[in-house]
Amino acid sequence: MKHVAPEAFPDDRMHRHFYYAKALAKLGSETTLMPDGTFGVRRRFGPTAVLWLPAPREVPVLRGRRGVTILQAPDRDMDRALRRSGAIPVLTPQSHAVLDISLSQDKREAGFAQKWRNRLNRARRSDLQVTHAPFPRDLDHWLLRREAEQRKARGYRALPSGFAIAWPQTRLFTAYAEGQPVAAMLFLLHAPGASYHMGWSGTTGRACSAHNLLLAEAAEWLHRRGHARLDLGTLQPRRAPGLAHFKLGSGAQVETSGHAWIHSRATSLLGCLIA
């Protein structure tokens, strides 16, 4: 496999990469290219047109725009600009755990928390076998079924199963014990970045700290192919403290976005009245 050429792509964030638009289009969404090079998703709810901007680089021109615009500000600078635009914040900022995989393996492992390192060493001493390959284009894949059961049991939301199949480049890392899968982690590739998408671990996998081993192996594989950034997803320390500790224990740093905003003629008028 050839190494990634980072300069061939405009951004390493999943929501700004053109693969994101391709995946949504395959699932039936109407995507549109925005002036700043990012993508918007158009939907219509009865007479109301809605434009969703998941990761704009620049503040879009909102005044005079028809319909409803929903956008996620990437940082506080855009938050400040949007406050002057007539938009209204509707969701608080999100924090993501992001792992720098441009570093060598030695430097990455130096960033492990001690408990995380101990669990990884235990997994390396176990009899687990790790394999990896592109994710099969199969809606009945065992990981999708296990993850759906897990989601129902834990009560969290996720993208539809078809999203992983629609994504152009993927890598599935699976840990086996006695020939049976005991844990798995699926990554979406969007060079020069990558994102953790879903995972599962059974009783044996948890006992062996299989996810520590899978993440360490995936980070090294991605590093060797020129990827520089691995987004491990949102941090929810109150709702999922164990998962947050796992992500941060890997050496990941916290990146915080701005608010989610909504704009329409009504919100613009309300903003003028409040001002």
# chains A, B, ... in the order shown; residues from 1 in each chain; ligands from 1
>>> residues_around(residues="His132 in chain A", least_positions_apart="2", cutoff="7 Å", atoms="only C-alpha atoms", output="PDB file with N, CA and C atoms, in the first residue's frame")
ATOM      1  N   VAL A 130      -4.424 -10.516  16.516  1.00  0.00           N
ATOM      2  CA  VAL A 130      -5.028  -9.317  15.925  1.00  0.00           C
ATOM      3  C   VAL A 130      -4.903  -9.375  14.415  1.00  0.00           C
ATOM      4  N   ARG A 171     -10.818   0.673   7.996  1.00  0.00           N
ATOM      5  CA  ARG A 171      -9.936  -0.394   8.493  1.00  0.00           C
ATOM      6  C   ARG A 171     -10.536  -0.957   9.761  1.00  0.00           C
ATOM      7  N   LEU A 172     -10.760  -2.248   9.748  1.00  0.00           N
ATOM      8  CA  LEU A 172     -11.328  -2.953  10.892  1.00  0.00           C
ATOM      9  C   LEU A 172     -10.227  -3.774  11.564  1.00  0.00           C
ATOM     10  N   PHE A 173      -9.982  -3.501  12.846  1.00  0.00           N
ATOM     11  CA  PHE A 173      -9.029  -4.261  13.650  1.00  0.00           C
ATOM     12  C   PHE A 173      -9.814  -5.178  14.583  1.00  0.00           C
ATOM     13  N   THR A 174      -9.492  -6.467  14.540  1.00  0.00           N
ATOM     14  CA  THR A 174     -10.235  -7.458  15.314  1.00  0.00           C
ATOM     15  C   THR A 174      -9.281  -8.298  16.143  1.00  0.00           C
TER      16      THR A 174
END
>>> residues_around(residues="range 219-230 of chain A", least_positions_apart="5", cutoff="7 Å", atoms="only C-alpha atoms", output="ChimeraX atom specification")
/A:3-4,98-102,105,191-195
>>> write_last_selection(atoms="N, CA and C atoms", output="short mmCIF file (atom, residue, chain, number, x, y, z; two decimals), in the first residue's frame")
data_model
loop_
_atom_site.label_atom_id
_atom_site.label_comp_id
_atom_site.auth_asym_id
_atom_site.auth_seq_id
_atom_site.Cartn_x
_atom_site.Cartn_y
_atom_site.Cartn_z
N HIS A 3 2.01 5.09 0.72
CA HIS A 3 1.82 6.00 1.84
C HIS A 3 0.90 7.15 1.42
N VAL A 4 0.20 7.69 2.41
CA VAL A 4 -0.72 8.80 2.18
C VAL A 4 0.06 10.05 1.79
N VAL A 98 -8.24 13.55 20.72
CA VAL A 98 -7.50 13.46 19.45
C VAL A 98 -6.08 12.99 19.73
N LEU A 99 -5.69 11.93 19.05
CA LEU A 99 -4.38 11.34 19.23
C LEU A 99 -3.45 11.77 18.10
N ASP A 100 -2.27 12.28 18.47
CA ASP A 100 -1.26 12.68 17.49
C ASP A 100 -0.49 11.44 17.05
N ILE A 101 -0.82 10.93 15.87
CA ILE A 101 -0.14 9.71 15.39
C ILE A 101 0.95 10.04 14.38
N SER A 102 1.31 11.32 14.28
CA SER A 102 2.48 11.67 13.49
C SER A 102 3.76 11.33 14.27
N GLN A 105 6.41 5.60 17.44
CA GLN A 105 5.79 4.71 18.42
C GLN A 105 6.33 4.96 19.82
N ALA A 191 -7.50 10.63 4.87
CA ALA A 191 -6.13 11.12 4.91
C ALA A 191 -6.05 12.63 4.77
N PRO A 192 -5.18 13.27 5.58
CA PRO A 192 -4.19 12.67 6.49
C PRO A 192 -4.71 12.38 7.89
N GLY A 193 -6.02 12.33 8.06
CA GLY A 193 -6.60 12.01 9.36
C GLY A 193 -7.31 10.67 9.32
N ALA A 194 -7.81 10.25 10.48
CA ALA A 194 -8.62 9.05 10.61
C ALA A 194 -9.50 9.25 11.84
N SER A 195 -10.62 8.51 11.89
CA SER A 195 -11.55 8.64 13.01
C SER A 195 -12.00 7.26 13.48
#
>>> residues_around(residues="Leu53 in chain A", least_positions_apart="6", cutoff="7 Å", atoms="only C-alpha atoms", output="list in words")
Phe39, Gly40, Val41, Ile70, Leu71 and Gln72 of chain A
>>> write_last_selection(atoms="N, CA, C and O atoms", output="compact mmCIF listing (two decimals), in the first residue's frame")
# COMPACT_ATOMS: atom_id res chain seq x y z
N PHE A 39 -18.69 21.09 2.98
CA PHE A 39 -19.94 20.59 2.42
C PHE A 39 -21.12 20.90 3.33
O PHE A 39 -21.00 20.91 4.56
N GLY A 40 -22.26 21.13 2.69
CA GLY A 40 -23.51 21.28 3.40
C GLY A 40 -24.47 20.18 2.99
O GLY A 40 -24.31 19.57 1.93
N VAL A 41 -25.44 19.89 3.83
CA VAL A 41 -26.44 18.88 3.55
C VAL A 41 -27.80 19.56 3.54
O VAL A 41 -28.18 20.24 4.51
N ILE A 70 -28.41 25.26 10.08
CA ILE A 70 -27.87 24.71 11.31
C ILE A 70 -26.39 24.45 11.08
O ILE A 70 -26.00 23.86 10.07
N LEU A 71 -25.55 24.92 11.97
CA LEU A 71 -24.11 24.73 11.77
C LEU A 71 -23.39 24.50 13.09
O LEU A 71 -23.84 24.95 14.14
N GLN A 72 -22.30 23.78 12.99
CA GLN A 72 -21.45 23.49 14.13
C GLN A 72 -20.20 24.36 14.04
O GLN A 72 -19.39 24.20 13.14
>>> closest_atom_pairs(of="range 79-148 of chain A", to="range 252-267 of chain A", cutoff="9 Å", atoms="only C-alpha atoms", output="CSV")
residue,atom,partner,partner_atom,distance
A:Asp79,CA,A:Gly258,CA,5.8
A:Leu82,CA,A:Trp261,CA,8.0
A:Ser85,CA,A:His263,CA,8.5
A:Gly86,CA,A:Thr267,CA,6.2
A:Ala87,CA,A:His263,CA,4.4
A:Ile88,CA,A:Trp261,CA,5.4
A:Pro89,CA,A:Trp261,CA,4.3
A:Val90,CA,A:Trp261,CA,5.5
A:Leu91,CA,A:Ala260,CA,4.9
A:Thr92,CA,A:His259,CA,4.9
A:Pro93,CA,A:His259,CA,4.5
A:Gln94,CA,A:Ser257,CA,5.5
A:Ser95,CA,A:Thr256,CA,4.3
A:His96,CA,A:Glu255,CA,5.2
A:Ala97,CA,A:Val254,CA,4.9
A:Val98,CA,A:Ala252,CA,4.9
A:Leu99,CA,A:Ala252,CA,4.2
A:Asp100,CA,A:Ala252,CA,7.0
A:Gly111,CA,A:Ala252,CA,8.2
A:Phe112,CA,A:Ala252,CA,8.7
>>> residues_around(residues="Arg206 in chain A", least_positions_apart="3", cutoff="12 Å", atoms="only C-alpha atoms", output="PyMOL selection string")
chain A and resi 119-120+122-123+128+175+177+182-184+200-203+209-214
>>> closest_residue(among="A:Ala153, A:Leu143, A:Tyr20, A:Pro35", to="Pro54 in chain A", atoms="only C-alpha atoms")
A:Tyr20
>>> select_by_dssp(residues="range 32-183 of chain A", states="strand (DSSP E or B)", output="CSV table (one decimal) with N, CA, C and O atoms, in the first residue's frame")
chain,number,residue,atom,x,y,z
A,32,THR,N,-24.1,19.7,-0.9
A,32,THR,CA,-23.7,20.8,-1.7
A,32,THR,C,-22.4,21.4,-1.3
A,32,THR,O,-22.0,21.4,-0.1
A,33,LEU,N,-21.6,21.8,-2.3
A,33,LEU,CA,-20.2,22.4,-2.0
A,33,LEU,C,-20.4,23.8,-1.6
A,33,LEU,O,-21.1,24.6,-2.3
A,39,PHE,N,-18.7,21.1,3.0
A,39,PHE,CA,-19.9,20.6,2.4
A,39,PHE,C,-21.1,20.9,3.3
A,39,PHE,O,-21.0,20.9,4.6
A,40,GLY,N,-22.3,21.1,2.7
A,40,GLY,CA,-23.5,21.3,3.4
A,40,GLY,C,-24.5,20.2,3.0
A,40,GLY,O,-24.3,19.6,1.9
A,41,VAL,N,-25.4,19.9,3.8
A,41,VAL,CA,-26.4,18.9,3.6
A,41,VAL,C,-27.8,19.6,3.5
A,41,VAL,O,-28.2,20.2,4.5
A,42,ARG,N,-28.5,19.4,2.4
A,42,ARG,CA,-29.8,20.1,2.3
A,42,ARG,C,-30.9,19.0,2.6
A,42,ARG,O,-30.9,17.9,2.1
A,43,ARG,N,-31.9,19.5,3.3
A,43,ARG,CA,-33.1,18.6,3.6
A,43,ARG,C,-34.3,19.6,3.5
A,43,ARG,O,-34.2,20.8,3.7
A,44,ARG,N,-35.5,19.0,3.3
A,44,ARG,CA,-36.7,19.7,3.3
A,44,ARG,C,-37.7,19.1,4.2
A,44,ARG,O,-37.9,17.9,4.1
A,45,PHE,N,-38.3,19.8,5.1
A,45,PHE,CA,-39.3,19.4,5.9
A,45,PHE,C,-40.6,20.2,5.6
A,45,PHE,O,-40.8,21.3,6.1
A,48,THR,N,-40.3,23.9,4.6
A,48,THR,CA,-39.1,24.5,5.2
A,48,THR,C,-37.9,23.8,4.6
A,48,THR,O,-37.7,22.6,4.8
A,49,ALA,N,-37.0,24.6,4.1
A,49,ALA,CA,-35.7,24.1,3.6
A,49,ALA,C,-34.6,24.3,4.7
A,49,ALA,O,-34.5,25.3,5.4
A,50,VAL,N,-33.9,23.2,5.0
A,50,VAL,CA,-32.9,23.2,6.0
A,50,VAL,C,-31.5,22.9,5.4
A,50,VAL,O,-31.4,22.0,4.7
A,51,LEU,N,-30.5,23.7,5.8
A,51,LEU,CA,-29.1,23.5,5.4
A,51,LEU,C,-28.3,23.2,6.6
A,51,LEU,O,-28.3,24.1,7.5
A,52,TRP,N,-27.7,22.1,6.6
A,52,TRP,CA,-26.8,21.7,7.8
A,52,TRP,C,-25.4,21.8,7.3
A,52,TRP,O,-25.0,21.2,6.3
A,53,LEU,N,-24.6,22.6,8.1
A,53,LEU,CA,-23.2,22.8,7.8
A,53,LEU,C,-22.4,22.1,9.0
A,53,LEU,O,-22.3,22.7,10.1
A,68,VAL,N,-33.8,27.5,7.0
A,68,VAL,CA,-33.1,27.3,8.3
A,68,VAL,C,-31.7,26.8,8.0
A,68,VAL,O,-31.5,25.9,7.2
A,69,THR,N,-30.8,27.4,8.7
A,69,THR,CA,-29.4,26.9,8.6
A,69,THR,C,-28.9,26.5,10.0
A,69,THR,O,-29.1,27.2,11.0
A,70,ILE,N,-28.4,25.3,10.1
A,70,ILE,CA,-27.9,24.7,11.3
A,70,ILE,C,-26.4,24.5,11.1
A,70,ILE,O,-26.0,23.9,10.1
A,71,LEU,N,-25.5,24.9,12.0
A,71,LEU,CA,-24.1,24.7,11.8
A,71,LEU,C,-23.4,24.5,13.1
A,71,LEU,O,-23.8,24.9,14.1
A,72,GLN,N,-22.3,23.8,13.0
A,72,GLN,CA,-21.4,23.5,14.1
A,72,GLN,C,-20.2,24.4,14.0
A,72,GLN,O,-19.4,24.2,13.1
A,88,ILE,N,-28.6,31.7,16.8
A,88,ILE,CA,-28.8,31.4,18.2
A,88,ILE,C,-28.2,30.1,18.6
A,88,ILE,O,-28.3,29.1,17.8
A,89,PRO,N,-27.4,30.0,19.6
A,89,PRO,CA,-26.8,28.7,20.0
A,89,PRO,C,-27.8,27.8,20.6
A,89,PRO,O,-28.7,28.2,21.4
A,90,VAL,N,-27.7,26.5,20.1
A,90,VAL,CA,-28.7,25.5,20.6
A,90,VAL,C,-28.1,24.3,21.3
A,90,VAL,O,-28.7,23.6,22.0
A,91,LEU,N,-26.8,24.1,21.1
A,91,LEU,CA,-26.1,23.0,21.7
A,91,LEU,C,-24.7,23.5,22.2
A,91,LEU,O,-24.1,24.3,21.6
A,95,SER,N,-16.3,18.2,23.3
A,95,SER,CA,-14.9,17.9,23.4
A,95,SER,C,-14.6,16.6,22.8
A,95,SER,O,-15.3,15.6,23.0
A,96,HIS,N,-13.5,16.6,22.0
A,96,HIS,CA,-13.1,15.3,21.3
A,96,HIS,C,-11.7,15.0,21.9
A,96,HIS,O,-10.9,15.8,22.2
A,97,ALA,N,-11.4,13.7,21.9
A,97,ALA,CA,-10.1,13.2,22.2
A,97,ALA,C,-9.4,12.9,20.9
A,97,ALA,O,-9.8,12.1,20.1
A,98,VAL,N,-8.2,13.6,20.7
A,98,VAL,CA,-7.5,13.5,19.5
A,98,VAL,C,-6.1,13.0,19.7
A,98,VAL,O,-5.4,13.6,20.5
A,99,LEU,N,-5.7,11.9,19.0
A,99,LEU,CA,-4.4,11.3,19.2
A,99,LEU,C,-3.4,11.8,18.1
A,99,LEU,O,-3.8,11.7,16.9
A,100,ASP,N,-2.3,12.3,18.5
A,100,ASP,CA,-1.3,12.7,17.5
A,100,ASP,C,-0.5,11.4,17.1
A,100,ASP,O,0.4,10.9,17.8
A,129,GLN,N,-4.9,-12.8,19.1
A,129,GLN,CA,-4.4,-12.6,17.7
A,129,GLN,C,-5.2,-11.4,17.1
A,129,GLN,O,-6.4,-11.4,17.2
A,130,VAL,N,-4.4,-10.5,16.5
A,130,VAL,CA,-5.0,-9.3,15.9
A,130,VAL,C,-4.9,-9.4,14.4
A,130,VAL,O,-3.8,-9.6,13.9
A,131,THR,N,-6.0,-9.1,13.7
A,131,THR,CA,-6.0,-9.0,12.3
A,131,THR,C,-6.6,-7.7,11.9
A,131,THR,O,-7.4,-7.1,12.7
A,132,HIS,N,-6.4,-7.2,10.7
A,132,HIS,CA,-7.0,-6.0,10.2
A,132,HIS,C,-7.2,-6.1,8.7
A,132,HIS,O,-6.4,-6.7,8.0
A,133,ALA,N,-8.3,-5.4,8.3
A,133,ALA,CA,-8.6,-5.4,6.8
A,133,ALA,C,-9.7,-4.4,6.6
A,133,ALA,O,-10.3,-3.9,7.6
A,170,THR,N,-11.8,2.3,4.9
A,170,THR,CA,-12.0,1.9,6.3
A,170,THR,C,-11.0,0.9,6.7
A,170,THR,O,-10.3,0.3,5.8
A,171,ARG,N,-10.8,0.7,8.0
A,171,ARG,CA,-9.9,-0.4,8.5
A,171,ARG,C,-10.5,-1.0,9.8
A,171,ARG,O,-10.8,-0.2,10.7
A,172,LEU,N,-10.8,-2.2,9.7
A,172,LEU,CA,-11.3,-3.0,10.9
A,172,LEU,C,-10.2,-3.8,11.6
A,172,LEU,O,-9.6,-4.6,10.9
A,173,PHE,N,-10.0,-3.5,12.8
A,173,PHE,CA,-9.0,-4.3,13.7
A,173,PHE,C,-9.8,-5.2,14.6
A,173,PHE,O,-10.7,-4.7,15.3
A,174,THR,N,-9.5,-6.5,14.5
A,174,THR,CA,-10.2,-7.5,15.3
A,174,THR,C,-9.3,-8.3,16.1
A,174,THR,O,-8.2,-8.7,15.7
A,175,ALA,N,-9.6,-8.5,17.4
A,175,ALA,CA,-8.9,-9.4,18.3
A,175,ALA,C,-9.6,-10.7,18.4
A,175,ALA,O,-10.8,-10.8,18.6
A,176,TYR,N,-8.8,-11.8,18.3
A,176,TYR,CA,-9.4,-13.2,18.4
A,176,TYR,C,-8.8,-13.9,19.5
A,176,TYR,O,-7.6,-13.8,19.8
A,177,ALA,N,-9.6,-14.8,20.2
A,177,ALA,CA,-9.1,-15.7,21.2
A,177,ALA,C,-9.7,-17.1,20.8
A,177,ALA,O,-10.9,-17.2,20.7
A,180,GLN,N,-12.2,-17.1,17.9
A,180,GLN,CA,-13.4,-16.4,18.0
A,180,GLN,C,-13.1,-14.9,18.2
A,180,GLN,O,-12.3,-14.5,19.0
A,181,PRO,N,-13.9,-14.0,17.5
A,181,PRO,CA,-13.7,-12.5,17.8
A,181,PRO,C,-14.1,-12.2,19.2
A,181,PRO,O,-15.2,-12.5,19.6
A,182,VAL,N,-13.3,-11.4,19.9
A,182,VAL,CA,-13.6,-11.0,21.3
A,182,VAL,C,-13.6,-9.5,21.4
A,182,VAL,O,-14.1,-9.0,22.4
A,183,ALA,N,-13.2,-8.8,20.4
A,183,ALA,CA,-13.2,-7.3,20.4
A,183,ALA,C,-12.9,-6.8,19.0
A,183,ALA,O,-12.2,-7.5,18.2
>>> atom_distance(atom1="CA of Ala166 in chain A", atom2="CA of Lys26 in chain A")
6.2 Å
